[in-house]
file coords05.pdb (PDB, C-alpha atoms, pLDDT in the B column)
MODEL        1
ATOM      1  CA  MET A   1    -114.242  99.617 -32.919  1.00 42.00           C
ATOM      2  CA  GLU A   2    -110.743  98.229 -33.054  1.00 46.00           C
ATOM      3  CA  ARG A   3    -109.033  97.257 -36.264  1.00 48.00           C
ATOM      4  CA  LYS A   4    -106.879  94.142 -36.255  1.00 42.00           C
ATOM      5  CA  THR A   5    -103.559  94.010 -38.019  1.00 44.00           C
ATOM      6  CA  GLY A   6    -101.335  91.207 -39.196  1.00 47.00           C
ATOM      7  CA  ASN A   7    -101.832  88.225 -41.452  1.00 49.00           C
ATOM      8  CA  GLU A   8    -103.503  85.831 -39.025  1.00 49.00           C
ATOM      9  CA  CYS A   9    -107.239  85.422 -39.045  1.00 51.00           C
ATOM     10  CA  THR A  10    -108.936  83.735 -36.137  1.00 56.00           C
ATOM     11  CA  ALA A  11    -112.613  83.533 -35.220  1.00 58.00           C
ATOM     12  CA  ASP A  12    -112.430  86.816 -33.289  1.00 65.00           C
ATOM     13  CA  GLN A  13    -110.377  88.782 -35.857  1.00 76.00           C
ATOM     14  CA  GLN A  14    -111.115  90.412 -39.183  1.00 82.00           C
ATOM     15  CA  LEU A  15    -109.855  88.959 -42.433  1.00 85.00           C
ATOM     16  CA  PRO A  16    -106.406  90.247 -43.356  1.00 84.00           C
ATOM     17  CA  ALA A  17    -106.221  93.178 -45.765  1.00 83.00           C
ATOM     18  CA  LEU A  18    -105.521  92.200 -49.363  1.00 86.00           C
ATOM     19  CA  GLY A  19    -104.745  95.614 -50.785  1.00 87.00           C
ATOM     20  CA  ILE A  20    -106.131  96.833 -54.053  1.00 88.00           C
ATOM     21  CA  ASP A  21    -104.398  94.419 -56.471  1.00 89.00           C
ATOM     22  CA  PRO A  22    -106.838  91.475 -56.104  1.00 89.00           C
ATOM     23  CA  TYR A  23    -109.724  93.882 -56.678  1.00 90.00           C
ATOM     24  CA  LEU A  24    -108.065  95.263 -59.802  1.00 88.00           C
ATOM     25  CA  GLU A  25    -107.510  91.725 -61.074  1.00 89.00           C
ATOM     26  CA  LEU A  26    -111.202  91.010 -60.508  1.00 91.00           C
ATOM     27  CA  MET A  27    -112.089  94.257 -62.291  1.00 91.00           C
ATOM     28  CA  ASP A  28    -109.989  93.207 -65.283  1.00 89.00           C
ATOM     29  CA  LYS A  29    -111.960  89.958 -65.480  1.00 92.00           C
ATOM     30  CA  THR A  30    -115.437  91.380 -64.905  1.00 93.00           C
ATOM     31  CA  ALA A  31    -115.648  95.034 -66.044  1.00 91.00           C
ATOM     32  CA  ALA A  32    -116.790  95.957 -69.525  1.00 92.00           C
ATOM     33  CA  GLN A  33    -113.962  96.070 -72.085  1.00 91.00           C
ATOM     34  CA  ASP A  34    -114.348  99.821 -72.626  1.00 92.00           C
ATOM     35  CA  ALA A  35    -114.589 100.644 -68.892  1.00 91.00           C
ATOM     36  CA  ASP A  36    -112.349 103.445 -67.639  1.00 92.00           C
ATOM     37  CA  ARG A  37    -110.101 101.404 -65.359  1.00 91.00           C
ATOM     38  CA  LYS A  38    -108.403 104.439 -63.805  1.00 92.00           C
ATOM     39  CA  SER A  39    -111.790 105.870 -62.820  1.00 92.00           C
ATOM     40  CA  ILE A  40    -112.897 102.488 -61.492  1.00 92.00           C
ATOM     41  CA  ARG A  41    -109.783 102.322 -59.309  1.00 91.00           C
ATOM     42  CA  MET A  42    -110.318 105.857 -57.996  1.00 92.00           C
ATOM     43  CA  GLY A  43    -114.007 105.159 -57.371  1.00 92.00           C
ATOM     44  CA  LEU A  44    -113.090 102.023 -55.413  1.00 92.00           C
ATOM     45  CA  VAL A  45    -110.604 103.964 -53.299  1.00 92.00           C
ATOM     46  CA  MET A  46    -113.268 106.636 -52.668  1.00 92.00           C
ATOM     47  CA  LEU A  47    -115.707 103.927 -51.561  1.00 92.00           C
ATOM     48  CA  TRP A  48    -113.114 102.521 -49.168  1.00 92.00           C
ATOM     49  CA  LEU A  49    -112.304 106.024 -47.978  1.00 93.00           C
ATOM     50  CA  SER A  50    -115.961 106.656 -47.170  1.00 92.00           C
ATOM     51  CA  ASP A  51    -116.104 103.429 -45.153  1.00 93.00           C
ATOM     52  CA  ASN A  52    -112.911 104.357 -43.301  1.00 94.00           C
ATOM     53  CA  ILE A  53    -114.160 107.867 -42.572  1.00 95.00           C
ATOM     54  CA  LEU A  54    -117.311 106.427 -41.001  1.00 95.00           C
ATOM     55  CA  ASP A  55    -115.130 104.064 -38.944  1.00 95.00           C
ATOM     56  CA  VAL A  56    -113.000 106.975 -37.696  1.00 96.00           C
ATOM     57  CA  MET A  57    -116.114 108.954 -36.789  1.00 97.00           C
ATOM     58  CA  ASP A  58    -117.696 105.981 -35.011  1.00 97.00           C
ATOM     59  CA  VAL A  59    -114.517 105.428 -32.973  1.00 97.00           C
ATOM     60  CA  ASP A  60    -114.467 109.073 -31.910  1.00 97.00           C
ATOM     61  CA  LEU A  61    -118.204 109.071 -31.073  1.00 97.00           C
ATOM     62  CA  ALA A  62    -118.086 105.760 -29.157  1.00 97.00           C
ATOM     63  CA  PRO A  63    -117.488 107.430 -25.756  1.00 97.00           C
ATOM     64  CA  PHE A  64    -120.888 109.122 -26.191  1.00 97.00           C
ATOM     65  CA  GLY A  65    -122.620 105.799 -26.892  1.00 96.00           C
ATOM     66  CA  ILE A  66    -123.655 106.772 -30.422  1.00 96.00           C
ATOM     67  CA  THR A  67    -122.604 106.142 -34.023  1.00 95.00           C
ATOM     68  CA  GLU A  68    -122.451 108.547 -36.953  1.00 95.00           C
ATOM     69  CA  SER A  69    -125.657 107.159 -38.500  1.00 92.00           C
ATOM     70  CA  LYS A  70    -127.594 107.651 -35.258  1.00 94.00           C
ATOM     71  CA  LEU A  71    -126.134 111.119 -34.776  1.00 96.00           C
ATOM     72  CA  ASP A  72    -127.084 111.923 -38.382  1.00 92.00           C
ATOM     73  CA  MET A  73    -130.708 111.055 -37.560  1.00 92.00           C
ATOM     74  CA  LEU A  74    -130.657 113.291 -34.457  1.00 95.00           C
ATOM     75  CA  LEU A  75    -129.080 116.147 -36.431  1.00 94.00           C
ATOM     76  CA  LEU A  76    -131.733 115.807 -39.127  1.00 91.00           C
ATOM     77  CA  LEU A  77    -134.501 115.970 -36.526  1.00 93.00           C
ATOM     78  CA  MET A  78    -132.888 118.901 -34.725  1.00 93.00           C
ATOM     79  CA  LEU A  79    -132.262 120.926 -37.874  1.00 90.00           C
ATOM     80  CA  HIS A  80    -135.821 120.393 -39.138  1.00 87.00           C
ATOM     81  CA  GLU A  81    -137.397 121.078 -35.769  1.00 85.00           C
ATOM     82  CA  GLY A  82    -140.135 123.691 -36.013  1.00 81.00           C
ATOM     83  CA  ARG A  83    -140.066 123.702 -39.817  1.00 78.00           C
ATOM     84  CA  GLU A  84    -142.326 120.769 -40.585  1.00 75.00           C
ATOM     85  CA  LEU A  85    -143.646 117.553 -39.106  1.00 81.00           C
ATOM     86  CA  ILE A  86    -141.251 114.698 -39.785  1.00 86.00           C
ATOM     87  CA  THR A  87    -142.375 111.172 -40.613  1.00 88.00           C
ATOM     88  CA  PRO A  88    -140.331 107.960 -40.714  1.00 90.00           C
ATOM     89  CA  SER A  89    -140.913 107.690 -44.459  1.00 89.00           C
ATOM     90  CA  GLY A  90    -139.729 111.292 -44.902  1.00 87.00           C
ATOM     91  CA  ILE A  91    -136.568 110.430 -42.966  1.00 88.00           C
ATOM     92  CA  ALA A  92    -136.012 107.346 -45.139  1.00 88.00           C
ATOM     93  CA  ASP A  93    -136.386 109.407 -48.307  1.00 85.00           C
ATOM     94  CA  ARG A  94    -134.120 112.195 -47.020  1.00 84.00           C
ATOM     95  CA  LEU A  95    -131.347 109.867 -45.813  1.00 81.00           C
ATOM     96  CA  GLY A  96    -131.685 107.472 -48.757  1.00 80.00           C
ATOM     97  CA  ILE A  97    -132.240 104.405 -46.576  1.00 85.00           C
ATOM     98  CA  ARG A  98    -135.016 101.818 -46.259  1.00 91.00           C
ATOM     99  CA  ARG A  99    -138.022 102.481 -44.039  1.00 91.00           C
ATOM    100  CA  ALA A 100    -137.130  99.365 -42.006  1.00 93.00           C
ATOM    101  CA  SER A 101    -133.694 100.844 -41.294  1.00 92.00           C
ATOM    102  CA  VAL A 102    -135.307 104.081 -40.110  1.00 92.00           C
ATOM    103  CA  THR A 103    -137.615 102.113 -37.834  1.00 93.00           C
ATOM    104  CA  ALA A 104    -134.666 100.247 -36.307  1.00 94.00           C
ATOM    105  CA  LEU A 105    -132.747 103.511 -35.766  1.00 93.00           C
ATOM    106  CA  LEU A 106    -135.804 105.188 -34.230  1.00 95.00           C
ATOM    107  CA  ASP A 107    -136.407 102.196 -31.925  1.00 95.00           C
ATOM    108  CA  TRP A 108    -132.822 102.425 -30.686  1.00 96.00           C
ATOM    109  CA  LEU A 109    -132.955 106.218 -30.222  1.00 96.00           C
ATOM    110  CA  GLU A 110    -136.377 106.137 -28.595  1.00 96.00           C
ATOM    111  CA  LYS A 111    -135.275 103.475 -26.104  1.00 96.00           C
ATOM    112  CA  ARG A 112    -132.615 105.933 -24.896  1.00 96.00           C
ATOM    113  CA  GLY A 113    -135.074 108.805 -24.680  1.00 97.00           C
ATOM    114  CA  TRP A 114    -133.470 110.824 -27.496  1.00 97.00           C
ATOM    115  CA  VAL A 115    -136.472 110.823 -29.877  1.00 96.00           C
ATOM    116  CA  SER A 116    -140.219 110.493 -29.529  1.00 94.00           C
ATOM    117  CA  ARG A 117    -142.897 109.273 -31.904  1.00 92.00           C
ATOM    118  CA  GLU A 118    -146.492 110.492 -31.780  1.00 90.00           C
ATOM    119  CA  GLN A 119    -149.570 109.727 -33.826  1.00 86.00           C
ATOM    120  CA  SER A 120    -150.760 112.559 -36.034  1.00 74.00           C
ATOM    121  CA  ALA A 121    -153.819 114.383 -34.691  1.00 76.00           C
ATOM    122  CA  LYS A 122    -155.106 114.737 -38.273  1.00 76.00           C
ATOM    123  CA  ASP A 123    -154.359 111.230 -39.555  1.00 74.00           C
ATOM    124  CA  ARG A 124    -153.955 108.513 -36.924  1.00 72.00           C
ATOM    125  CA  ARG A 125    -152.151 106.300 -39.458  1.00 78.00           C
ATOM    126  CA  MET A 126    -149.309 108.813 -39.638  1.00 82.00           C
ATOM    127  CA  ILE A 127    -146.488 109.000 -37.103  1.00 89.00           C
ATOM    128  CA  HIS A 128    -144.471 112.152 -36.408  1.00 90.00           C
ATOM    129  CA  VAL A 129    -140.945 111.973 -35.048  1.00 92.00           C
ATOM    130  CA  SER A 130    -139.198 114.612 -32.966  1.00 92.00           C
ATOM    131  CA  ILE A 131    -136.009 114.994 -30.990  1.00 95.00           C
ATOM    132  CA  THR A 132    -136.407 115.189 -27.220  1.00 96.00           C
ATOM    133  CA  PRO A 133    -134.673 117.669 -24.912  1.00 96.00           C
ATOM    134  CA  GLU A 134    -132.356 114.809 -23.897  1.00 97.00           C
ATOM    135  CA  GLY A 135    -131.571 114.178 -27.574  1.00 97.00           C
ATOM    136  CA  ARG A 136    -130.764 117.863 -28.118  1.00 96.00           C
ATOM    137  CA  ALA A 137    -128.530 117.843 -25.038  1.00 97.00           C
ATOM    138  CA  LEU A 138    -126.649 114.804 -26.398  1.00 98.00           C
ATOM    139  CA  VAL A 139    -126.194 116.421 -29.814  1.00 97.00           C
ATOM    140  CA  ASN A 140    -124.842 119.586 -28.194  1.00 97.00           C
ATOM    141  CA  GLN A 141    -122.435 117.490 -26.120  1.00 97.00           C
ATOM    142  CA  VAL A 142    -121.265 115.423 -29.131  1.00 98.00           C
ATOM    143  CA  LEU A 143    -120.887 118.183 -31.737  1.00 97.00           C
ATOM    144  CA  PRO A 144    -117.473 119.510 -30.619  1.00 97.00           C
ATOM    145  CA  THR A 145    -116.017 116.004 -31.072  1.00 97.00           C
ATOM    146  CA  PHE A 146    -117.881 115.576 -34.360  1.00 97.00           C
ATOM    147  CA  TRP A 147    -116.478 118.851 -35.759  1.00 97.00           C
ATOM    148  CA  SER A 148    -112.986 118.037 -34.491  1.00 97.00           C
ATOM    149  CA  THR A 149    -113.073 114.639 -36.186  1.00 97.00           C
ATOM    150  CA  CYS A 150    -114.304 116.220 -39.446  1.00 95.00           C
ATOM    151  CA  ALA A 151    -111.387 118.665 -39.359  1.00 95.00           C
ATOM    152  CA  SER A 152    -108.861 115.952 -38.520  1.00 95.00           C
ATOM    153  CA  LEU A 153    -109.670 114.052 -41.716  1.00 94.00           C
ATOM    154  CA  LEU A 154    -107.782 116.686 -43.724  1.00 93.00           C
ATOM    155  CA  GLY A 155    -104.848 117.014 -41.355  1.00 92.00           C
ATOM    156  CA  ASP A 156    -102.333 115.528 -43.790  1.00 93.00           C
ATOM    157  CA  LEU A 157    -103.072 118.027 -46.581  1.00 93.00           C
ATOM    158  CA  ASP A 158    -101.043 121.176 -47.065  1.00 95.00           C
ATOM    159  CA  ALA A 159    -102.795 124.467 -47.935  1.00 94.00           C
ATOM    160  CA  GLU A 160    -102.631 123.962 -51.718  1.00 96.00           C
ATOM    161  CA  GLU A 161    -103.785 120.331 -51.528  1.00 95.00           C
ATOM    162  CA  HIS A 162    -106.609 121.457 -49.250  1.00 93.00           C
ATOM    163  CA  ARG A 163    -107.725 124.126 -51.764  1.00 95.00           C
ATOM    164  CA  VAL A 164    -107.668 121.713 -54.733  1.00 95.00           C
ATOM    165  CA  PHE A 165    -109.307 118.913 -52.768  1.00 94.00           C
ATOM    166  CA  GLU A 166    -112.086 121.247 -51.589  1.00 94.00           C
ATOM    167  CA  LYS A 167    -112.860 122.173 -55.201  1.00 95.00           C
ATOM    168  CA  ILE A 168    -112.841 118.550 -56.400  1.00 94.00           C
ATOM    169  CA  LEU A 169    -114.805 117.299 -53.404  1.00 92.00           C
ATOM    170  CA  GLY A 170    -117.472 119.959 -53.881  1.00 92.00           C
ATOM    171  CA  LYS A 171    -117.832 119.066 -57.547  1.00 94.00           C
ATOM    172  CA  LEU A 172    -118.121 115.333 -56.799  1.00 92.00           C
ATOM    173  CA  HIS A 173    -120.587 115.978 -53.987  1.00 90.00           C
ATOM    174  CA  ARG A 174    -122.887 118.070 -56.216  1.00 90.00           C
ATOM    175  CA  SER A 175    -122.656 115.508 -59.022  1.00 91.00           C
ATOM    176  CA  ILE A 176    -123.549 112.571 -56.781  1.00 88.00           C
ATOM    177  CA  GLU A 177    -126.406 114.456 -55.083  1.00 85.00           C
ATOM    178  CA  THR A 178    -127.803 115.270 -58.540  1.00 87.00           C
ATOM    179  CA  ARG A 179    -127.423 111.653 -59.595  1.00 86.00           C
ATOM    180  CA  ILE A 180    -129.308 110.247 -56.597  1.00 79.00           C
ATOM    181  CA  GLY A 181    -131.766 113.117 -56.296  1.00 78.00           C
ATOM    182  CA  VAL A 182    -131.164 113.598 -52.569  1.00 69.00           C
ATOM    183  CA  GLY A 183    -129.285 116.425 -50.964  1.00 68.00           C
ATOM    184  CA  ARG A 184    -128.198 117.377 -47.487  1.00 68.00           C
TER     185      ARG A 184
ENDMDL
END
call {"tool": "encode", "arguments": {"input": "coords05.pdb", "output": "structure tokens"}}
result
Amino acid sequence: MERKTGNECTADQQLPALGIDPYLELMDKTAAQDADRKSIRMGLVMLWLSDNILDVMDVDLAPFGITESKLDMLLLLMLHEGRELITPSGIADRLGIRRASVTALLDWLEKRGWVSREQSAKDRRMIHVSITPEGRALVNQVLPTFWSTCASLLGDLDAEEHRVFEKILGKLHRSIETRIGVGR
């Protein structure tokens, strides 16, 4: 994934960046009068940050032919292996995505031989998903890059900023997981 820069926008380029000001102007016109504008701004920046973090991860994982969302599915399957039988609907609930999205991800992963789906012996209507040996091998190959990319995201913080950010990030993470009712 390559980001384009500059002010020109052609058919094969992304739209130019506008910065935050047009969004803040839109917020002023559309947010409730008593809305906490500073929190809205910070929330918007966090949303953009999350998108950018996924972009960075996807760029670093591209040489392995996988994206963060597909790796996340393989990690979920690997970490739950031997604990319980995993169904597509269980994956959808756990990852907070639609069942159709899980099906599309599983189709893609299965085509590459990284996951398998089998009918339940007890209930033929139920499908169980598992990671294959090839999928485990890929995860083991990708994880050093994954961990390195995770670490690199904080490279610009000094020790004190890192300590404060870790505390704030942990608090926000717990709050959002509580809010949505899904945890990692």
call {"tool": "atom_distance", "arguments": {"input": "coords05.pdb", "atom1": "CA of Ser39 (chain A)", "atom2": "CA of Asp93 (chain A)"}}
result
28.8 Å
call {"tool": "closest_atom_pairs", "arguments": {"input": "coords05.pdb", "of": "region 11-69 of chain A", "to": "region 102-109 of chain A", "cutoff": "12 Å", "atoms": "all atoms listed in the file", "output": "JSON lines"}}
result
{"residue": "A:Gly65", "atom": "CA", "partner": "A:Leu109", "partner_atom": "CA", "distance": 10.9}
{"residue": "A:Ile66", "atom": "CA", "partner": "A:Leu109", "partner_atom": "CA", "distance": 9.3}
{"residue": "A:Thr67", "atom": "CA", "partner": "A:Leu105", "partner_atom": "CA", "distance": 10.6}
{"residue": "A:Glu68", "atom": "CA", "partner": "A:Leu105", "partner_atom": "CA", "distance": 11.5}
{"residue": "A:Ser69", "atom": "CA", "partner": "A:Leu105", "partner_atom": "CA", "distance": 8.4}
call {"tool": "closest_residue", "arguments": {"input": "coords05.pdb", "among": "A:Leu95, A:Asp36, A:Met73, A:Trp48", "to": "Gly181 (chain A)", "atoms": "all atoms listed in the file"}}
result
A:Leu95
call {"tool": "atom_distance", "arguments": {"input": "coords05.pdb", "atom1": "CA of Ile127 (chain A)", "atom2": "CA of Val142 (chain A)"}}
result
27.2 Å
call {"tool": "closest_residue", "arguments": {"input": "coords05.pdb", "among": "A:Phe165, A:Tyr23, A:Phe146, A:Trp114", "to": "Asp58 (chain A)", "atoms": "only C-alpha atoms"}}
result
A:Phe146
call {"tool": "atom_distance", "arguments": {"input": "coords05.pdb", "atom1": "CA of Leu54 (chain A)", "atom2": "CA of Leu169 (chain A)"}}
result
16.7 Å
call {"tool": "residues_around", "arguments": {"input": "coords05.pdb", "residues": "Ile131 (chain A)", "least_positions_apart": "5", "cutoff": "7 Å", "atoms": "all atoms listed in the file", "output": "PyMOL selection string"}}
result
chain A and resi 74+77-78+114-116+136
call {"tool": "closest_residue", "arguments": {"input": "coords05.pdb", "among": "A:Ile176, A:Lys111, A:Gly19, A:Val129", "to": "Ser89 (chain A)", "atoms": "all atoms listed in the file"}}
result
A:Val129
call {"tool": "resolve_selection", "arguments": {"input": "coords05.pdb", "expression": "the PyMOL selection byres ((chain A and resi 56) around 12)", "output": "compact mmCIF listing (two decimals) with C-alpha atoms, keeping the file's coordinate frame"}}
result
# COMPACT_ATOMS: atom_id res chain seq x y z
CA MET A 1 -114.24 99.62 -32.92
CA GLU A 2 -110.74 98.23 -33.05
CA ARG A 3 -109.03 97.26 -36.26
CA LEU A 49 -112.30 106.02 -47.98
CA SER A 50 -115.96 106.66 -47.17
CA ASP A 51 -116.10 103.43 -45.15
CA ASN A 52 -112.91 104.36 -43.30
CA ILE A 53 -114.16 107.87 -42.57
CA LEU A 54 -117.31 106.43 -41.00
CA ASP A 55 -115.13 104.06 -38.94
CA MET A 57 -116.11 108.95 -36.79
CA ASP A 58 -117.70 105.98 -35.01
CA VAL A 59 -114.52 105.43 -32.97
CA ASP A 60 -114.47 109.07 -31.91
CA LEU A 61 -118.20 109.07 -31.07
CA ALA A 62 -118.09 105.76 -29.16
CA THR A 67 -122.60 106.14 -34.02
CA GLU A 68 -122.45 108.55 -36.95
CA THR A 145 -116.02 116.00 -31.07
CA PHE A 146 -117.88 115.58 -34.36
CA SER A 148 -112.99 118.04 -34.49
CA THR A 149 -113.07 114.64 -36.19
CA CYS A 150 -114.30 116.22 -39.45
CA ALA A 151 -111.39 118.66 -39.36
CA SER A 152 -108.86 115.95 -38.52
CA LEU A 153 -109.67 114.05 -41.72
call {"tool": "residues_around", "arguments": {"input": "coords05.pdb", "residues": "Ile20 (chain A)", "least_positions_apart": "5", "cutoff": "9 Å", "atoms": "all atoms listed in the file", "output": "ChimeraX atom specification"}}
result
/A:25,41,44-45
call {"tool": "write_last_selection", "arguments": {"input": "coords05.pdb", "atoms": "C-alpha atoms", "output": "compact mmCIF listing (two decimals), in the frame of the given file"}}
result
# COMPACT_ATOMS: atom_id res chain seq x y z
CA GLU A 25 -107.51 91.72 -61.07
CA ARG A 41 -109.78 102.32 -59.31
CA LEU A 44 -113.09 102.02 -55.41
CA VAL A 45 -110.60 103.96 -53.30
